[in-house]
>>> print(open('query_7.cif').read())   # mmCIF, C-alpha atoms
data_upload
loop_
_atom_site.group_PDB
_atom_site.id
_atom_site.type_symbol
_atom_site.label_atom_id
_atom_site.label_comp_id
_atom_site.auth_asym_id
_atom_site.auth_seq_id
_atom_site.Cartn_x
_atom_site.Cartn_y
_atom_site.Cartn_z
ATOM 1 C CA TRP I 1 1.499 16.109 13.743
ATOM 2 C CA THR I 2 0.556 18.534 10.976
ATOM 3 C CA GLY I 3 -2.478 16.702 9.634
ATOM 4 C CA ILE I 4 -0.965 16.104 6.199
ATOM 5 C CA GLY I 5 -2.590 13.120 4.551
ATOM 6 C CA TRP I 6 -6.053 13.586 5.966
ATOM 7 C CA GLY I 7 -8.796 12.215 3.760
ATOM 8 C CA ALA I 8 -11.536 9.669 3.273
ATOM 9 C CA TYR I 9 -9.527 6.498 2.783
ATOM 10 C CA TRP I 10 -10.994 3.061 2.140
ATOM 11 C CA VAL I 11 -9.435 -0.223 3.183
ATOM 12 C CA VAL I 12 -9.850 -2.217 -0.036
ATOM 13 C CA ASP I 13 -8.241 -5.424 1.207
ATOM 14 C CA LEU I 14 -6.639 -6.623 4.406
ATOM 15 C CA ALA I 15 -4.531 -9.711 5.074
ATOM 16 C CA PRO I 16 -6.277 -11.998 7.578
ATOM 17 C CA ASP I 17 -3.506 -11.418 10.140
ATOM 18 C CA GLY I 18 -3.143 -7.704 9.314
ATOM 19 C CA ARG I 19 0.374 -7.986 7.836
ATOM 20 C CA TYR I 20 -0.671 -5.766 4.907
ATOM 21 C CA ALA I 21 -3.553 -3.575 3.817
ATOM 22 C CA ILE I 22 -4.553 -2.083 0.473
ATOM 23 C CA VAL I 23 -5.880 1.442 1.000
ATOM 24 C CA SER I 24 -7.487 3.718 -1.603
ATOM 25 C CA GLU I 25 -9.664 6.784 -1.789
ATOM 26 C CA ALA I 26 -13.049 7.451 -3.363
ATOM 27 C CA SER I 27 -11.820 8.443 -6.823
ATOM 28 C CA ARG I 28 -9.540 5.368 -6.975
ATOM 29 C CA GLU I 29 -6.880 7.674 -8.432
ATOM 30 C CA TYR I 30 -4.459 6.694 -5.682
ATOM 31 C CA LEU I 31 -3.901 3.588 -3.637
ATOM 32 C CA TRP I 32 -1.295 2.349 -1.224
ATOM 33 C CA VAL I 33 -0.159 -1.012 0.031
ATOM 34 C CA LEU I 34 0.787 -0.665 3.681
ATOM 35 C CA ALA I 35 2.790 -3.459 5.289
ATOM 36 C CA ARG I 36 4.099 -4.223 8.752
ATOM 37 C CA GLN I 37 7.458 -5.248 7.282
ATOM 38 C CA PRO I 38 9.748 -3.214 4.989
ATOM 39 C CA VAL I 39 9.578 -5.892 2.273
ATOM 40 C CA LEU I 40 6.486 -7.773 1.126
ATOM 41 C CA ALA I 41 6.728 -11.564 1.018
ATOM 42 C CA SER I 42 6.619 -12.894 -2.535
ATOM 43 C CA GLN I 43 3.269 -14.653 -2.010
ATOM 44 C CA ASP I 44 1.784 -11.450 -0.552
ATOM 45 C CA ASP I 45 3.045 -9.410 -3.512
ATOM 46 C CA LYS I 46 1.432 -11.884 -5.924
ATOM 47 C CA ALA I 47 -1.846 -11.917 -3.980
ATOM 48 C CA ILE I 48 -1.936 -8.112 -3.812
ATOM 49 C CA ARG I 49 -1.259 -7.749 -7.527
ATOM 50 C CA ALA I 50 -3.985 -10.301 -8.334
ATOM 51 C CA ARG I 51 -6.453 -8.433 -6.103
ATOM 52 C CA LEU I 52 -5.559 -5.080 -7.663
ATOM 53 C CA GLN I 53 -5.965 -6.522 -11.147
ATOM 54 C CA ALA I 54 -9.367 -7.957 -10.186
ATOM 55 C CA LEU I 55 -10.346 -4.474 -8.983
ATOM 56 C CA GLY I 56 -9.370 -3.002 -12.359
ATOM 57 C CA SER I 57 -6.234 -1.180 -11.195
ATOM 58 C CA ASP I 58 -3.575 -0.273 -13.747
ATOM 59 C CA LEU I 59 -0.608 -2.333 -12.546
ATOM 60 C CA SER I 60 1.714 -0.522 -14.951
ATOM 61 C CA ALA I 61 1.331 2.496 -12.644
ATOM 62 C CA LEU I 62 2.453 0.498 -9.614
ATOM 63 C CA GLN I 63 5.496 2.069 -7.954
ATOM 64 C CA THR I 64 7.598 0.229 -5.409
ATOM 65 C CA HIS I 65 9.242 2.224 -2.662
ATOM 66 C CA PRO I 66 11.851 0.012 -0.994
ATOM 67 C CA HIS I 67 12.802 0.564 2.619
ATOM 68 C CA GLY I 68 16.380 -0.183 3.570
ATOM 69 C CA SER I 69 17.957 -1.527 6.717
ATOM 70 C CA ARG I 70 17.518 1.810 8.496
ATOM 71 C CA TRP I 71 13.905 0.716 9.068
ATOM 72 C CA ALA I 72 14.779 -2.711 10.423
ATOM 73 C CA GLY I 73 13.324 -2.954 13.897
ATOM 74 C CA ASN I 74 12.635 0.795 14.095
ATOM 75 C CA GLN I 75 9.353 1.210 12.251
ATOM 76 C CA PRO I 76 6.213 2.056 14.190
ATOM 77 C CA ARG I 77 3.789 -0.837 14.408
ATOM 78 C CA GLY I 78 1.676 -1.101 11.254
ATOM 79 C CA CYS I 79 3.784 1.393 9.344
ATOM 80 C CA CYS I 80 5.793 1.088 6.147
ATOM 81 C CA ALA I 81 4.323 1.855 2.752
ATOM 82 C CA GLY I 82 5.464 -0.741 0.266
ATOM 83 C CA GLN I 83 3.778 0.210 -2.981
ATOM 84 C CA SER I 84 1.541 2.895 -4.351
ATOM 85 C CA ILE I 85 -0.366 3.633 -7.507
ATOM 86 C CA ASN I 86 -0.863 7.077 -8.972
ATOM 87 C CA SER I 87 -2.896 6.817 -12.143
ATOM 88 C CA ASP I 88 -1.687 10.254 -13.277
ATOM 89 C CA ARG I 89 1.985 9.234 -13.295
#
>>> encode(input="query_7.cif", output="structure tokens")
Amino acid sequence: WTGIGWGAYWVVDLAPDGRYAIVSEASREYLWVLARQPVLASQDDKAIRARLQALGSDLSALQTHPHGSRWAGNQPRGCCAGQSINSDR
């Protein structure tokens, strides 16, 4: 592993069963939604968006990165970025 992606990341929100996490960094310029499944459930997507809005995030900067069937059953446990925000767009 090359160490790319090292930084001081904060877990902003976590589903009670750990199926997704919202992760950011100190400047709040970037954030990521990490999910155990390639696609977020509709109710999770709504809850995450509501939480991000309550935190003052710009939802217009939200970018979805879909994962196709090549990930089905092959992703490492706890891995699969679903959405990210870059306020610089």
>>> closest_residue(input="query_7.cif", among="I:Trp10, I:Ser60, I:Pro66, I:Lys46", to="Trp32 (chain I)", atoms="all atoms listed in the file")
I:Trp10
>>> resolve_selection(input="query_7.cif", expression="the PyMOL selection byres ((chain I and resi 20) around 7)", output="list in words")
Leu14, Ala15, Gly18, Arg19, Ala21, Ile22, Val33, Leu34, Ala35 and Arg36 of chain I
>>> closest_residue(input="query_7.cif", among="I:Val23, I:Asp17, I:Gly7, I:Tyr30", to="Ile48 (chain I)", atoms="all atoms listed in the file")
I:Val23
>>> atom_distance(input="query_7.cif", atom1="CA of His67 (chain I)", atom2="CA of Val39 (chain I)")
7.2 Å
>>> atom_distance(input="query_7.cif", atom1="CA of Ala41 (chain I)", atom2="CA of Ala26 (chain I)")
27.8 Å
>>> closest_residue(input="query_7.cif", among="I:Asp44, I:Gln63, I:Gln53, I:Ser24", to="Tyr9 (chain I)", atoms="all atoms listed in the file")
I:Ser24
